[in-house]
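Enquirer: Contents are PDB, C-alpha atoms; file name data19.pdb:
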```pdb
ATOM      1  CA  MET L 913      95.030  90.719  91.343  1.00  0.00           C
ATOM      2  CA  LYS L 914      97.878  92.184  89.279  1.00  0.00           C
ATOM      3  CA  ALA L 915     101.540  91.576  89.908  1.00  0.00           C
ATOM      4  CA  LEU L 916     104.782  93.243  88.936  1.00  0.00           C
ATOM      5  CA  ILE L 917     107.968  91.224  89.137  1.00  0.00           C
ATOM      6  CA  TYR L 918     111.512  92.484  88.733  1.00  0.00           C
ATOM      7  CA  THR L 919     113.779  89.712  87.496  1.00  0.00           C
ATOM      8  CA  LYS L 920     117.158  89.038  85.951  1.00  0.00           C
ATOM      9  CA  THR L 921     118.234  86.379  83.487  1.00  0.00           C
ATOM     10  CA  ASN L 922     119.381  83.023  84.849  1.00  0.00           C
ATOM     11  CA  CYS L 923     117.487  83.465  88.133  1.00  0.00           C
ATOM     12  CA  ALA L 924     115.916  80.232  89.362  1.00  0.00           C
ATOM     13  CA  TYR L 925     113.698  81.944  91.946  1.00  0.00           C
ATOM     14  CA  CYS L 926     112.446  84.365  89.288  1.00  0.00           C
ATOM     15  CA  VAL L 927     111.386  81.405  87.142  1.00  0.00           C
ATOM     16  CA  LYS L 928     109.729  79.748  90.151  1.00  0.00           C
ATOM     17  CA  ALA L 929     107.788  82.935  90.957  1.00  0.00           C
ATOM     18  CA  LYS L 930     106.592  83.348  87.364  1.00  0.00           C
ATOM     19  CA  THR L 931     105.584  79.675  87.268  1.00  0.00           C
ATOM     20  CA  LEU L 932     103.629  80.097  90.502  1.00  0.00           C
ATOM     21  CA  PHE L 933     101.842  83.140  89.053  1.00  0.00           C
ATOM     22  CA  SER L 934     100.897  81.101  85.996  1.00  0.00           C
ATOM     23  CA  ILE L 935      99.650  78.156  88.079  1.00  0.00           C
ATOM     24  CA  LYS L 936      97.557  80.492  90.239  1.00  0.00           C
ATOM     25  CA  GLY L 937      96.227  82.389  87.212  1.00  0.00           C
ATOM     26  CA  ILE L 938      97.710  85.688  88.368  1.00  0.00           C
ATOM     27  CA  GLU L 939      98.487  88.193  85.626  1.00  0.00           C
ATOM     28  CA  TYR L 940     101.935  89.710  85.943  1.00  0.00           C
ATOM     29  CA  THR L 941     104.199  92.200  84.267  1.00  0.00           C
ATOM     30  CA  GLU L 942     107.865  91.290  84.170  1.00  0.00           C
ATOM     31  CA  THR L 943     110.622  93.894  84.231  1.00  0.00           C
ATOM     32  CA  VAL L 944     114.030  92.399  83.449  1.00  0.00           C
ATOM     33  CA  ILE L 945     116.982  94.168  85.040  1.00  0.00           C
ATOM     34  CA  GLY L 946     119.568  94.919  82.389  1.00  0.00           C
ATOM     35  CA  GLU L 947     116.980  94.816  79.597  1.00  0.00           C
ATOM     36  CA  ASP L 948     113.823  96.712  80.611  1.00  0.00           C
ATOM     37  CA  ILE L 949     115.490  98.739  83.364  1.00  0.00           C
ATOM     38  CA  MET L 950     119.155  99.453  83.902  1.00  0.00           C
ATOM     39  CA  ARG L 951     120.722  97.970  87.020  1.00  0.00           C
ATOM     40  CA  GLU L 952     121.680 101.439  88.248  1.00  0.00           C
ATOM     41  CA  ASP L 953     118.075 102.624  87.949  1.00  0.00           C
ATOM     42  CA  PHE L 954     116.819  99.557  89.827  1.00  0.00           C
ATOM     43  CA  VAL L 955     119.325 100.199  92.636  1.00  0.00           C
ATOM     44  CA  SER L 956     118.242 103.857  92.756  1.00  0.00           C
ATOM     45  CA  LEU L 957     114.585 102.856  93.068  1.00  0.00           C
ATOM     46  CA  PHE L 958     115.197 100.058  95.600  1.00  0.00           C
ATOM     47  CA  PRO L 959     118.492 100.748  97.394  1.00  0.00           C
ATOM     48  CA  ASP L 960     117.781  98.170 100.129  1.00  0.00           C
ATOM     49  CA  GLN L 961     116.988  95.346  97.675  1.00  0.00           C
ATOM     50  CA  LYS L 962     119.839  92.823  97.504  1.00  0.00           C
ATOM     51  CA  SER L 963     118.300  90.095  95.365  1.00  0.00           C
ATOM     52  CA  VAL L 964     115.607  89.249  92.843  1.00  0.00           C
ATOM     53  CA  PRO L 965     112.856  88.572  92.259  1.00  0.00           C
ATOM     54  CA  LEU L 966     111.254  91.652  93.722  1.00  0.00           C
ATOM     55  CA  ILE L 967     107.495  91.224  93.643  1.00  0.00           C
ATOM     56  CA  PHE L 968     104.627  93.679  94.025  1.00  0.00           C
ATOM     57  CA  ILE L 969     100.954  92.673  94.062  1.00  0.00           C
ATOM     58  CA  ASP L 970      98.314  95.361  93.604  1.00  0.00           C
ATOM     59  CA  GLY L 971     100.977  97.951  94.467  1.00  0.00           C
ATOM     60  CA  GLU L 972     102.013  96.248  97.717  1.00  0.00           C
ATOM     61  CA  ARG L 973     105.653  95.233  98.058  1.00  0.00           C
ATOM     62  CA  ILE L 974     105.644  91.485  98.736  1.00  0.00           C
ATOM     63  CA  GLY L 975     109.358  90.680  98.529  1.00  0.00           C
ATOM     64  CA  GLY L 976     110.963  87.603  96.984  1.00  0.00           C
ATOM     65  CA  TYR L 977     109.777  84.119  96.094  1.00  0.00           C
ATOM     66  CA  ASP L 978     109.504  82.843  99.681  1.00  0.00           C
ATOM     67  CA  ASP L 979     107.542  85.953 100.627  1.00  0.00           C
ATOM     68  CA  LEU L 980     105.257  85.357  97.647  1.00  0.00           C
ATOM     69  CA  THR L 981     104.437  81.809  98.740  1.00  0.00           C
ATOM     70  CA  LYS L 982     103.630  83.030 102.275  1.00  0.00           C
ATOM     71  CA  TYR L 983     101.505  85.879 100.894  1.00  0.00           C
ATOM     72  CA  LEU L 984      99.504  83.541  98.662  1.00  0.00           C
ATOM     73  CA  ASP L 985      99.064  80.985 101.474  1.00  0.00           C
ATOM     74  CA  ASN L 986      97.724  83.747 103.738  1.00  0.00           C
ATOM     75  CA  LYS L 987      95.356  84.952 101.005  1.00  0.00           C
ATOM     76  CA  ARG L 988      94.033  81.439 100.527  1.00  0.00           C
ATOM     77  CA  ALA L 989      93.519  80.971 104.278  1.00  0.00           C
ATOM     78  CA  ALA L 990      91.655  84.272 104.642  1.00  0.00           C
TER
END
```
Would you mind writing the structure in this file as structure tokens?

Expert:
Amino acid sequence: MKALIYTKTNCAYCVKAKTLFSIKGIEYTETVIGEDIMREDFVSLFPDQKSVPLIFIDGERIGGYDDLTKYLDNKRAA
């Protein structure tokens, strides 16, 4: 399982998501908006996205932190 997470600095939910990945042993790549990608480019790629984190796992768009917890709970139950 490989994850990609778009974050921004000073984002509590971004930190929580990265911590959850670490606890679960999930490798992730972090892309920081304003550092690794310009905000304008992020908005162009994801015009409907209003907040961060934005998480993808194995290419599937998961959503934010709450969506991540639901996704992982469903994976564990399956």

Enquirer: Find the residue from L:Ile949, L:Tyr983, L:Lys930, L:Phe954 that sits nearest to Ile969 in chain L; use all atoms listed in the file when measuring.

Expert: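 For Ile969 in chain L, the nearest of the given residues is L:Tyr983.
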
Enquirer: Hey, can you check how far CA of Thr941 in chain L sits from CA of Tyr918 in chain L?

Expert: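 CA of Tyr918 in chain L lies at a distance of 8.6 Å from CA of Thr941 in chain L.
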
Enquirer: Name the closest residue to Tyr940 in chain L among the candidates L:Ser963, L:Phe968, L:Val927, L:Arg973; distances are taken between atoms, counting only C-alpha atoms.

Expert: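 The answer is L:Phe968, which sits nearest to Tyr940 in chain L.
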
Enquirer: I need the residue nearest Ile974 in chain L from this list: L:Cys923, L:Leu957, L:Ile945, L:Ala929. Use all atoms listed in the file for the distance.

Expert: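 Comparing L:Cys923, L:Leu957, L:Ile945, L:Ala929 against Ile974 in chain L, the winner is L:Ala929.
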
Enquirer: Find the residue from L:Ser956, L:Gln961, L:Thr931, L:Asn922 that sits nearest to Val944 in chain L; use only C-alpha atoms when measuring.

Expert: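 Among the listed residues, L:Asn922 lies closest to Val944 in chain L.
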
Enquirer: Figure out the distance between CA of Thr981 in chain L and CA of Pro959 in chain L, please, to one decimal in Å.

Expert: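 Rounded to one decimal, the two atoms are 23.6 Å apart.
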
Enquirer: Fewer than 5 positions away in the same chain doesn't count, so skip those; otherwise give me all residues within 8 Å of Cys926 in chain L, counting all atoms listed in the file, as a list in words.

Expert: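 My list of contacting residues is Thr919, Lys920, Val964, Pro965 and Tyr977 of chain L.
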
Enquirer: To one decimal place, how far is CA of Met950 in chain L from CA of Asp979 in chain L in Å?

Expert: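 Going from CA of Met950 in chain L over to CA of Asp979 in chain L covers 24.4 Å.
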
Enquirer: Box in all listed atoms of range 915-922 of chain L, axis-aligned, with 3 Å more on each side; write out centre and edge lengths in Å to one decimal as JSON.

Expert:
```
{"center_x": 110.5, "center_y": 88.1, "center_z": 86.7, "size_x": 23.8, "size_y": 16.2, "size_z": 12.4}
```

Enquirer: Missing atoms in range 921-932 of chain L need filling: write out all heavy atoms for it as a PDB file, in the coordinates of the input.

Expert:
```pdb
ATOM      1  N   THR L 921     118.069  87.636  84.207  1.00  0.00           N
ATOM      2  CA  THR L 921     118.234  86.379  83.487  1.00  0.00           C
ATOM      3  C   THR L 921     118.982  85.379  84.361  1.00  0.00           C
ATOM      4  O   THR L 921     119.749  85.766  85.252  1.00  0.00           O
ATOM      5  CB  THR L 921     118.982  86.598  82.161  1.00  0.00           C
ATOM      6  OG1 THR L 921     120.231  87.225  82.442  1.00  0.00           O
ATOM      7  CG2 THR L 921     118.175  87.471  81.210  1.00  0.00           C
ATOM      8  N   ASN L 922     118.735  84.121  84.120  1.00  0.00           N
ATOM      9  CA  ASN L 922     119.381  83.023  84.849  1.00  0.00           C
ATOM     10  C   ASN L 922     119.108  83.060  86.346  1.00  0.00           C
ATOM     11  O   ASN L 922     119.985  82.787  87.161  1.00  0.00           O
ATOM     12  CB  ASN L 922     120.891  83.004  84.592  1.00  0.00           C
ATOM     13  CG  ASN L 922     121.212  82.828  83.130  1.00  0.00           C
ATOM     14  OD1 ASN L 922     120.590  82.014  82.452  1.00  0.00           O
ATOM     15  ND2 ASN L 922     122.167  83.588  82.628  1.00  0.00           N
ATOM     16  N   CYS L 923     117.888  83.390  86.722  1.00  0.00           N
ATOM     17  CA  CYS L 923     117.487  83.465  88.133  1.00  0.00           C
ATOM     18  C   CYS L 923     116.435  82.386  88.390  1.00  0.00           C
ATOM     19  O   CYS L 923     115.297  82.498  87.927  1.00  0.00           O
ATOM     20  CB  CYS L 923     116.920  84.854  88.432  1.00  0.00           C
ATOM     21  SG  CYS L 923     116.061  84.981  90.009  1.00  0.00           S
ATOM     22  N   ALA L 924     116.824  81.353  89.110  1.00  0.00           N
ATOM     23  CA  ALA L 924     115.916  80.232  89.362  1.00  0.00           C
ATOM     24  C   ALA L 924     114.678  80.658  90.153  1.00  0.00           C
ATOM     25  O   ALA L 924     113.565  80.212  89.863  1.00  0.00           O
ATOM     26  CB  ALA L 924     116.654  79.123  90.107  1.00  0.00           C
ATOM     27  N   TYR L 925     114.848  81.516  91.151  1.00  0.00           N
ATOM     28  CA  TYR L 925     113.698  81.944  91.946  1.00  0.00           C
ATOM     29  C   TYR L 925     112.751  82.832  91.148  1.00  0.00           C
ATOM     30  O   TYR L 925     111.550  82.844  91.390  1.00  0.00           O
ATOM     31  CB  TYR L 925     114.145  82.635  93.238  1.00  0.00           C
ATOM     32  CG  TYR L 925     114.595  81.636  94.272  1.00  0.00           C
ATOM     33  CD1 TYR L 925     115.940  81.407  94.513  1.00  0.00           C
ATOM     34  CD2 TYR L 925     113.665  80.894  95.002  1.00  0.00           C
ATOM     35  CE1 TYR L 925     116.354  80.475  95.450  1.00  0.00           C
ATOM     36  CE2 TYR L 925     114.059  79.957  95.938  1.00  0.00           C
ATOM     37  CZ  TYR L 925     115.403  79.750  96.161  1.00  0.00           C
ATOM     38  OH  TYR L 925     115.799  78.820  97.083  1.00  0.00           O
ATOM     39  N   CYS L 926     113.298  83.564  90.174  1.00  0.00           N
ATOM     40  CA  CYS L 926     112.446  84.365  89.288  1.00  0.00           C
ATOM     41  C   CYS L 926     111.553  83.442  88.458  1.00  0.00           C
ATOM     42  O   CYS L 926     110.354  83.685  88.321  1.00  0.00           O
ATOM     43  CB  CYS L 926     113.305  85.241  88.374  1.00  0.00           C
ATOM     44  SG  CYS L 926     114.354  86.420  89.258  1.00  0.00           S
ATOM     45  N   VAL L 927     112.145  82.378  87.926  1.00  0.00           N
ATOM     46  CA  VAL L 927     111.386  81.405  87.142  1.00  0.00           C
ATOM     47  C   VAL L 927     110.322  80.745  88.017  1.00  0.00           C
ATOM     48  O   VAL L 927     109.173  80.586  87.597  1.00  0.00           O
ATOM     49  CB  VAL L 927     112.326  80.354  86.515  1.00  0.00           C
ATOM     50  CG1 VAL L 927     111.540  79.225  85.870  1.00  0.00           C
ATOM     51  CG2 VAL L 927     113.259  81.010  85.514  1.00  0.00           C
ATOM     52  N   LYS L 928     110.692  80.377  89.245  1.00  0.00           N
ATOM     53  CA  LYS L 928     109.729  79.748  90.151  1.00  0.00           C
ATOM     54  C   LYS L 928     108.555  80.687  90.456  1.00  0.00           C
ATOM     55  O   LYS L 928     107.406  80.254  90.487  1.00  0.00           O
ATOM     56  CB  LYS L 928     110.417  79.336  91.452  1.00  0.00           C
ATOM     57  CG  LYS L 928     111.362  78.165  91.289  1.00  0.00           C
ATOM     58  CD  LYS L 928     112.143  77.882  92.541  1.00  0.00           C
ATOM     59  CE  LYS L 928     111.299  77.148  93.542  1.00  0.00           C
ATOM     60  NZ  LYS L 928     112.085  76.568  94.650  1.00  0.00           N
ATOM     61  N   ALA L 929     108.851  81.967  90.666  1.00  0.00           N
ATOM     62  CA  ALA L 929     107.788  82.935  90.957  1.00  0.00           C
ATOM     63  C   ALA L 929     106.854  83.092  89.765  1.00  0.00           C
ATOM     64  O   ALA L 929     105.625  83.091  89.918  1.00  0.00           O
ATOM     65  CB  ALA L 929     108.393  84.281  91.355  1.00  0.00           C
ATOM     66  N   LYS L 930     107.421  83.204  88.565  1.00  0.00           N
ATOM     67  CA  LYS L 930     106.592  83.348  87.364  1.00  0.00           C
ATOM     68  C   LYS L 930     105.763  82.091  87.127  1.00  0.00           C
ATOM     69  O   LYS L 930     104.590  82.183  86.731  1.00  0.00           O
ATOM     70  CB  LYS L 930     107.463  83.663  86.149  1.00  0.00           C
ATOM     71  CG  LYS L 930     108.116  85.034  86.234  1.00  0.00           C
ATOM     72  CD  LYS L 930     108.877  85.397  84.992  1.00  0.00           C
ATOM     73  CE  LYS L 930     110.113  84.534  84.806  1.00  0.00           C
ATOM     74  NZ  LYS L 930     110.907  84.915  83.629  1.00  0.00           N
ATOM     75  N   THR L 931     106.330  80.934  87.399  1.00  0.00           N
ATOM     76  CA  THR L 931     105.584  79.675  87.268  1.00  0.00           C
ATOM     77  C   THR L 931     104.430  79.638  88.259  1.00  0.00           C
ATOM     78  O   THR L 931     103.307  79.250  87.908  1.00  0.00           O
ATOM     79  CB  THR L 931     106.522  78.476  87.475  1.00  0.00           C
ATOM     80  OG1 THR L 931     107.559  78.516  86.495  1.00  0.00           O
ATOM     81  CG2 THR L 931     105.765  77.161  87.370  1.00  0.00           C
ATOM     82  N   LEU L 932     104.682  80.069  89.485  1.00  0.00           N
ATOM     83  CA  LEU L 932     103.629  80.097  90.502  1.00  0.00           C
ATOM     84  C   LEU L 932     102.505  81.046  90.092  1.00  0.00           C
ATOM     85  O   LEU L 932     101.325  80.726  90.237  1.00  0.00           O
ATOM     86  CB  LEU L 932     104.213  80.496  91.856  1.00  0.00           C
ATOM     87  CG  LEU L 932     103.264  80.464  93.046  1.00  0.00           C
ATOM     88  CD1 LEU L 932     102.621  79.089  93.224  1.00  0.00           C
ATOM     89  CD2 LEU L 932     103.999  80.875  94.316  1.00  0.00           C
TER      90      LEU L 932
END
```
